[in-house]
Amino acid sequence: MKMYRKIIGILLSVCLLFGAVGSWMTTTAYAADTATLTVSGGSVEVGSTITVSVKVSAPADIGIAAFTLTYDTSLLQCEGYSGTITEADYSITGKSKTYEYKFKALKEGTASIKASKVQILRLTPVDGKDDFDETKVTDGSVTVKAPYVASTNAYLKSLSISEGTIEPSFSKEKYEYSVSISGKNSSVTVNAKAEDSKAKVSVSGNKGLKEGKNTVSITVTAEDGKTKKTYKIIVDRGVAPTNTPTPTPTPTNTPTPSATPTPGLTVRMGDEELTLSDVITADLPDSYTVETEDWDGFKVAVASAENEEIKFVQMSDGKLYVYEKDETGAAKYYAYQTVGSNALQYRYLPKPETTEVPDGFNESQEEVDGDTLTVYRTEADETMCLMYLRSPEGNEGWYLYDTKEKTVQRYSDALYSAKPTETPTPTPTVEPDVPTPTASAEEPTIPVTPGEQPGGDNTNPAPVNRSGASGAGFWKLIESLSQRERIGAGIIAGLVLLCILLLVLLILGKNRHAKEYDAEEPLDEDEEDEMDKTFDPRLLNGEDEHEANVAKAMKAMKDADKAGRKAEKELKKAKKSLDRVKAGKPIEDLADDIDEDDYDNF
């Protein structure tokens, strides 16, 4: 019995060894390399278009990329396609490639753009393999929004002046008020706030007041730029104080000097000098409101908004400028300019002094909506320029601006490398050939059947013929298996060996007991003749020995039966261990089901 237990223990150890070797081969054969396919997304208004890009990339040069895109045709319409986009590219020679598709938004909703039937193959096979260890796919999504409708609200929320109290009390539905002020005031400060933060407020007639009644107008222009409402304040100025003149012997009529216009606060912008305005008529970003501030005795209109650090002023050229203060408190001004589509506006910023320009980009100039901006370009592509921008979400950094498409995309050193212009080495186009049956000393190139070509309404990518990719010997076959497959193969091989050895043991045991039965000392010829005359000597004189032999034979049969049940039990345990491996449990747990007695003679 101990011999059986020893053999079974050894065989179980062999099974575990096979599994461990398979796991070791998995971790040492290859480092995992992963190919990726990523579909971009975004948001767009109904009736507008959006460009969706599909990027394939891998750690090694790609030779073939094939995929199929599906999307909701009730929400999106792709130029040149009708519901399904099939791409099969056989001419890739680099590690990545990007495909772009233009979609038109049809109605509100969220449309997923899903990639399927993805194949990314190596340009040069490795150990007979042309595919990568893993291919990760990331789908895209496009949100279609309703067209933006500008507000028509042109009401004021509040109205007052600093030099007096208007009559009657303010109400947004009342458009005319009156107030009396002292004659010493030649102007009034109007405080007016629009009910809609996107509306614009302008004030006129509040300076150079004459004695008597003057009309001050407050005009509110709604967000749509067409709807306007005008509120009026009749300002009754008293008699201006005069100094009593000293009488002279010969009085002469002295002409009253004309009023000298009050100059505004001026700043220098480049080669010209501009004056800060006391009103803002240019278009402002959402949520900004205008208030008049006193800067060194000058009235300056300043636009600000909650949760926004920057402020805007308007200068005598009619343009908006960003107003900021540096660490020393000195004022800085630069032109307010945005780039991008109407749906996504990115604000232009001067490059911070501490930020370096990425390698390969040189300073240049680009005119955007009449303003000349400082940008950075590469010799490789003059249509793309690098700008320092602020996104609608408030993120600041480098962005690439397409001067032709007027689109903006985030810049990343990991995805974009600016290089000098080089003359590319022409790469011959490899036409897919049908393999001939003739034998060759060298391994033939695996042909790829093109199938349906890109650009049509195809639903299946071109199939790839991989015959002969593997089969370079036993070890290549083992290397092509996954970790679980290798562990399972090791355990199955051990089980087969266990069953073969148990069968051999059963045969040997049966032969041994047969020999013991036949090993009794035979009778000589005289005894045989004597016994022939009477009864069988085994029945007459050897009854006890015969019963002993029968008992031995019965015991041998029982032992064999017990060994068979034991083998069946061990087979079930091995199967259970195999199930654990398939379930992904660690290999250290494979021996949990083995009885402690089975380790006595390891």
# chains A, B, ... in the order shown; residues from 1 in each chain; ligands from 1
call {"tool": "residues_around", "arguments": {"residues": "A:Tyr90", "least_positions_apart": "2", "cutoff": "7 Å", "atoms": "only C-alpha atoms", "output": "PyMOL selection string"}}
result
chain A and resi 63-65+88+92
call {"tool": "write_last_selection", "arguments": {"atoms": "N, CA, C and O atoms", "output": "mmCIF file, in the first residue's frame"}}
result
data_model
loop_
_atom_site.group_PDB
_atom_site.id
_atom_site.type_symbol
_atom_site.label_atom_id
_atom_site.label_comp_id
_atom_site.auth_asym_id
_atom_site.auth_seq_id
_atom_site.Cartn_x
_atom_site.Cartn_y
_atom_site.Cartn_z
ATOM 1 N N GLY A 63 1.629 46.803 -40.072
ATOM 2 C CA GLY A 63 1.542 46.552 -41.495
ATOM 3 C C GLY A 63 0.124 46.609 -42.004
ATOM 4 O O GLY A 63 -0.133 47.070 -43.112
ATOM 5 N N ILE A 64 -0.838 46.157 -41.173
ATOM 6 C CA ILE A 64 -2.236 46.087 -41.593
ATOM 7 C C ILE A 64 -3.128 46.551 -40.449
ATOM 8 O O ILE A 64 -2.897 46.199 -39.292
ATOM 9 N N ALA A 65 -4.138 47.360 -40.763
ATOM 10 C CA ALA A 65 -5.158 47.761 -39.783
ATOM 11 C C ALA A 65 -6.519 47.661 -40.469
ATOM 12 O O ALA A 65 -6.710 48.168 -41.577
ATOM 13 N N ALA A 88 -9.954 49.105 -44.243
ATOM 14 C CA ALA A 88 -8.969 48.024 -44.376
ATOM 15 C C ALA A 88 -7.732 48.608 -45.036
ATOM 16 O O ALA A 88 -7.706 48.839 -46.239
ATOM 17 N N ILE A 92 0.297 50.566 -44.124
ATOM 18 C CA ILE A 92 0.870 51.258 -42.960
ATOM 19 C C ILE A 92 2.325 50.827 -42.796
ATOM 20 O O ILE A 92 2.657 49.647 -42.945
#
call {"tool": "residues_around", "arguments": {"residues": "stretch 228-243 of chain A", "least_positions_apart": "3", "cutoff": "6 Å", "atoms": "only C-alpha atoms", "output": "list in words"}}
result
Ala154, Tyr175, Glu176, Tyr177, Ser178, Val179, Ser180, Ile181, Ser182, Gly183, Lys184, Glu211, Gly212, Lys213, Asn214, Thr215, Val216, Ser217, Ile218, Thr219, Val220 and Thr221 of chain A
call {"tool": "select_by_dssp", "arguments": {"residues": "stretch 95-252 of chain A", "states": "strand (DSSP E)", "output": "PyMOL selection string"}}
result
chain A and resi 96-105+109-126+129-131+134-138+140-145+156-161+176-181+190-194+200-204+212-221+228-237
call {"tool": "closest_residue", "arguments": {"among": "A:Leu349, A:Leu75, A:Val408, A:Val279", "to": "A:Tyr333", "atoms": "only C-alpha atoms"}}
result
A:Leu349
call {"tool": "closest_residue", "arguments": {"among": "A:Lys558, A:Lys95, A:Lys114, A:Lys172", "to": "A:Val54", "atoms": "only C-alpha atoms"}}
result
A:Lys114
call {"tool": "residues_around", "arguments": {"residues": "stretch 120-126 of chain A", "least_positions_apart": "4", "cutoff": "9 Å", "atoms": "only C-alpha atoms", "output": "JSON, numbers by chain"}}
result
{"A": [35, 36, 37, 56, 57, 58, 60, 61, 62, 63, 64, 65, 66, 67, 92, 93, 94, 130, 131, 132, 135, 469]}
call {"tool": "atom_distance", "arguments": {"atom1": "atom CA of A:Asp579", "atom2": "atom CA of A:Leu506"}}
result
28.3 Å
call {"tool": "atom_distance", "arguments": {"atom1": "atom CA of A:Thr143", "atom2": "atom CA of A:Phe103"}}
result
11.8 Å
call {"tool": "atom_distance", "arguments": {"atom1": "atom CA of A:Ala115", "atom2": "atom CA of A:Glu405"}}
result
25.7 Å
call {"tool": "residues_around", "arguments": {"residues": "A:Val149", "least_positions_apart": "3", "cutoff": "10 Å", "atoms": "only C-alpha atoms", "output": "ChimeraX atom specification"}}
result
/A:146,152,223-224
